[in-house]
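Enquirer: Dropping a structure here in structure tokens format, bear with me for questions.
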Amino acid sequence: MPMTKPFISRLPLIQAPMAGVQDWRLAAAVCEAGALGSLPAGMLAPAQLAEQLDQLQQATARPYNVNFFCHTTPAAAPHREREWAELLAPYYREVGADPAAIPTGPSRKPFDEDCASVIEQFRPAVVSFHYGLPATALLDRVRATGARILSSATTVDEARWLQQQGIDAVIAQGLEAGGHRGHFLSDDLTLQQGTLSLLPQIVEAVTVPVIAAGGIATPAGVHAALTLGATAVQIGTAYLLAPEATTRALHREWLASPRARHTALTTVFSGRPARGMVNRLMEELGCFPVQAPEFPLAGNANGPLRAAAEAMGSADFSPLWAGQFATACRNAPAADITHWLAEGCSGSN
């Protein structure tokens, strides 16, 4: 599906925004290599976001993307959070973590007026959303800056809904993708499909450009997605071993090991389905423990546990986000990874 305007970056490649494992440095390196770098804003306060964007704009004059969450903040559920903390208590004792260190309140904020003000200040070329879209008034403020607006769809129905809201392109997020699922019309995971199944269906269902995402980590994967009608390809996991990423040492060790072959969806770390490498917490509590509070509240009790275990050299309780093709990760500069992936762009459309 051709775009009404040329693709925003020289290469039809987008570095997926990955909260917790990157900052402006990765986005800038990818932009300078000719693709569209992305900055995740879902875990940043407005002042932090402004600081990151200032650094990014100093590092590159090329277009970039800023990504936000659009989830509904859940009501406080102290009883459920206590139950969750009690379930994790044996692990706290094992690693010597302090239950008193568990924070309260949501750790991730949805896009709001403060975020819109930062976008109006920095005016990025692209703004993308996860879990749907913000309220119309907020979306209008983003649109008024001239930014192209993208959002993730995990089903054909979500893609059609996004097109009805007037967005510029749909990101078709397949089930193989690492990190959090972007679904927003239904929580039913049986509706989710793999990228190469979902992509052509969305391409046929909408008239806006479609960006493929999920399990694509090689030039061959890029070529396949573009051949199936994608205007561009969004790739995240392939960059996790780049020196510009902030991926923790233990996470890097797992990615470079045979354990990278085993990923699964789980709610154990945040309360929302997300794909990561299978570790002890997922194995012992199950990937979808019923006690887990709603997103993002489940992450509160995981924080001190994770920190204490990682200090002991253990990733047993860490969210090791990765897509299903994590074994394709390369320990190389982000520019080299981008140029390698770009080999799949030739002659596809």
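Scheme for the structure tokens: letters A, B, ... for chains in order shown; per-chain residue numbers from 1; ligand numbers from 1 in order shown.
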Kindly provide the residues of stretch 100-196 of chain A that approach stretch 225-232 of chain A to within 12 Å, each paired with its closest atom pair and their distance in Å to one decimal, based on only C-alpha atoms, listed by chain and increasing number, as CSV.

Expert:
residue,atom,partner,partner_atom,distance
A:Asp168,CA,A:Thr231,CA,11.8
A:Ala169,CA,A:Thr231,CA,9.1
A:Val170,CA,A:Ala230,CA,9.9
A:Ile171,CA,A:Ala232,CA,9.1
A:Ala172,CA,A:Ala230,CA,9.0
A:Gln173,CA,A:Ala230,CA,11.8
A:Gly174,CA,A:Ala225,CA,11.4
A:Gly194,CA,A:Ala225,CA,11.9
A:Thr195,CA,A:Ala225,CA,8.4
A:Leu196,CA,A:Ala225,CA,7.1

Enquirer: Restrict the selected residues to N, CA and C atoms and save them as an mmCIF file, in the first residue's frame.

Expert:
data_model
loop_
_atom_site.group_PDB
_atom_site.id
_atom_site.type_symbol
_atom_site.label_atom_id
_atom_site.label_comp_id
_atom_site.auth_asym_id
_atom_site.auth_seq_id
_atom_site.Cartn_x
_atom_site.Cartn_y
_atom_site.Cartn_z
ATOM 1 N N ASP A 168 -2.420 8.058 10.481
ATOM 2 C CA ASP A 168 -1.675 8.057 9.223
ATOM 3 C C ASP A 168 -1.174 6.687 8.808
ATOM 4 N N ALA A 169 -0.965 5.790 9.757
ATOM 5 C CA ALA A 169 -0.517 4.433 9.440
ATOM 6 C C ALA A 169 -0.810 3.519 10.618
ATOM 7 N N VAL A 170 -1.007 2.241 10.302
ATOM 8 C CA VAL A 170 -1.285 1.223 11.312
ATOM 9 C C VAL A 170 -0.064 0.330 11.461
ATOM 10 N N ILE A 171 0.302 0.048 12.701
ATOM 11 C CA ILE A 171 1.375 -0.915 12.988
ATOM 12 C C ILE A 171 0.717 -2.264 13.266
ATOM 13 N N ALA A 172 0.905 -3.222 12.381
ATOM 14 C CA ALA A 172 0.331 -4.554 12.548
ATOM 15 C C ALA A 172 1.250 -5.364 13.453
ATOM 16 N N GLN A 173 0.872 -5.494 14.729
ATOM 17 C CA GLN A 173 1.730 -6.162 15.714
ATOM 18 C C GLN A 173 1.358 -7.642 15.814
ATOM 19 N N GLY A 174 2.226 -8.485 15.285
ATOM 20 C CA GLY A 174 1.999 -9.924 15.344
ATOM 21 C C GLY A 174 2.293 -10.501 16.713
ATOM 22 N N GLY A 194 -0.150 -14.379 14.199
ATOM 23 C CA GLY A 194 1.231 -14.147 13.839
ATOM 24 C C GLY A 194 1.336 -13.048 12.794
ATOM 25 N N THR A 195 2.507 -12.453 12.697
ATOM 26 C CA THR A 195 2.700 -11.292 11.834
ATOM 27 C C THR A 195 2.369 -11.572 10.372
ATOM 28 N N LEU A 196 2.879 -12.665 9.832
ATOM 29 C CA LEU A 196 2.695 -12.929 8.410
ATOM 30 C C LEU A 196 1.285 -13.386 8.068
#

Enquirer: Fewer than 4 positions away in the same chain doesn't count, so skip those; otherwise give me all residues within 8 Å of stretch 133-139 of chain A, counting only C-alpha atoms, as an mmCIF file with C-alpha atoms, in the first residue's frame.

Expert:
data_model
loop_
_atom_site.group_PDB
_atom_site.id
_atom_site.type_symbol
_atom_site.label_atom_id
_atom_site.label_comp_id
_atom_site.auth_asym_id
_atom_site.auth_seq_id
_atom_site.Cartn_x
_atom_site.Cartn_y
_atom_site.Cartn_z
ATOM 1 C CA CYS A 70 -2.907 4.914 26.013
ATOM 2 C CA PHE A 111 -0.748 10.054 27.335
ATOM 3 C CA ASP A 112 -2.151 13.197 28.967
ATOM 4 C CA GLU A 113 -2.132 16.998 28.705
ATOM 5 C CA ALA A 116 0.796 16.821 24.748
ATOM 6 C CA PHE A 129 0.646 5.055 20.459
ATOM 7 C CA ARG A 143 -2.223 16.321 14.935
ATOM 8 C CA SER A 151 -0.788 3.165 16.499
ATOM 9 C CA LEU A 162 -7.711 3.140 14.064
#

Enquirer: What does the distance between atom CA of A:Thr218 and atom CA of A:Leu265 come to in Å, to one decimal place?

Expert: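 So the answer is 22.0 Å.
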
Enquirer: Between A:Gln52, A:Ser9, A:Thr154, A:Thr247, which has the minimum distance to A:Ala213 (counting only C-alpha atoms)?

Expert: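 Checking each of A:Gln52, A:Ser9, A:Thr154, A:Thr247 against A:Ala213, counting only C-alpha atoms, the winner is A:Thr154.
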
Enquirer: Got a sec to tell me which of stretch 33-220 of chain A DSSP assigns to alpha helix (DSSP H), as a PyMOL selection string?

Expert: chain A and resi 46-59+78-95+113-122+136-144+156-164+195-205+219-220

Enquirer: Would you compute the distance between atom CA of A:Pro333 and atom CA of A:Gly20? Give it in Å to one decimal.

Expert: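 Going from atom CA of A:Pro333 over to atom CA of A:Gly20, I get 18.7 Å.
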
Enquirer: Mind checking which residues fall within 10 Å of stretch 305-310 of chain A, counting only C-alpha atoms, ignoring those fewer than 6 positions away in the same chain, and posting them as a list in words?

Expert: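 Once the adjacent positions are removed, what remains is Leu88, Ala89, Tyr91, Tyr92, Arg93, Glu94, Val95, Gly96, Ala97, Asp98, Pro99, Ala101, Ile102, Arg248, Ala249, Leu250, Phe269, Gly299, Asp316, Phe317, Ser318 and Pro319 of chain A.
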
Enquirer: Which value, in Å to one decimal, gives the distance between atom CA of A:Ile8 and atom CA of A:Pro63?

Expert: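 Pair atom CA of A:Ile8 / atom CA of A:Pro63 returns 6.9 Å.
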
Enquirer: Among stretch 8-210 of chain A, which residues carry a DSSP assignment of strand (DSSP E), reported as a compact mmCIF listing (two decimals) with C-alpha atoms, in the first residue's frame?

Expert:
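Below is the file that was written, selection-v1.txt:
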# COMPACT_ATOMS: atom_id res chain seq x y z
CA LEU A 13 12.59 0.69 8.82
CA ILE A 14 11.47 1.77 12.30
CA GLN A 15 13.31 0.95 15.51
CA GLY A 37 14.53 5.89 15.59
CA SER A 38 11.96 5.82 18.37
CA LEU A 39 11.95 7.07 21.94
CA PRO A 40 9.63 5.31 24.42
CA TYR A 64 12.26 10.55 14.91
CA ASN A 65 9.27 8.93 16.61
CA VAL A 66 8.02 9.35 20.19
CA ASN A 67 5.83 6.57 21.58
CA PHE A 68 3.19 6.75 24.32
CA PHE A 69 0.86 4.37 26.15
CA VAL A 126 6.10 10.99 14.21
CA VAL A 127 4.09 10.19 17.35
CA SER A 128 2.99 6.61 17.93
CA PHE A 129 0.65 5.05 20.46
CA HIS A 130 0.22 1.67 22.12
CA ARG A 148 2.29 11.73 11.59
CA ILE A 149 0.27 9.55 13.94
CA LEU A 150 0.74 5.78 14.20
CA SER A 151 -0.79 3.17 16.50
CA SER A 152 -0.57 -0.58 16.99
CA ALA A 153 -3.29 -3.00 15.91
CA ALA A 169 -0.52 4.43 9.44
CA VAL A 170 -1.29 1.22 11.31
CA ILE A 171 1.38 -0.92 12.99
CA ALA A 172 0.33 -4.55 12.55
CA GLN A 173 1.73 -6.16 15.71
CA GLY A 179 7.23 -6.75 25.06
CA HIS A 180 3.64 -5.76 25.69
CA VAL A 210 0.59 -0.66 7.22
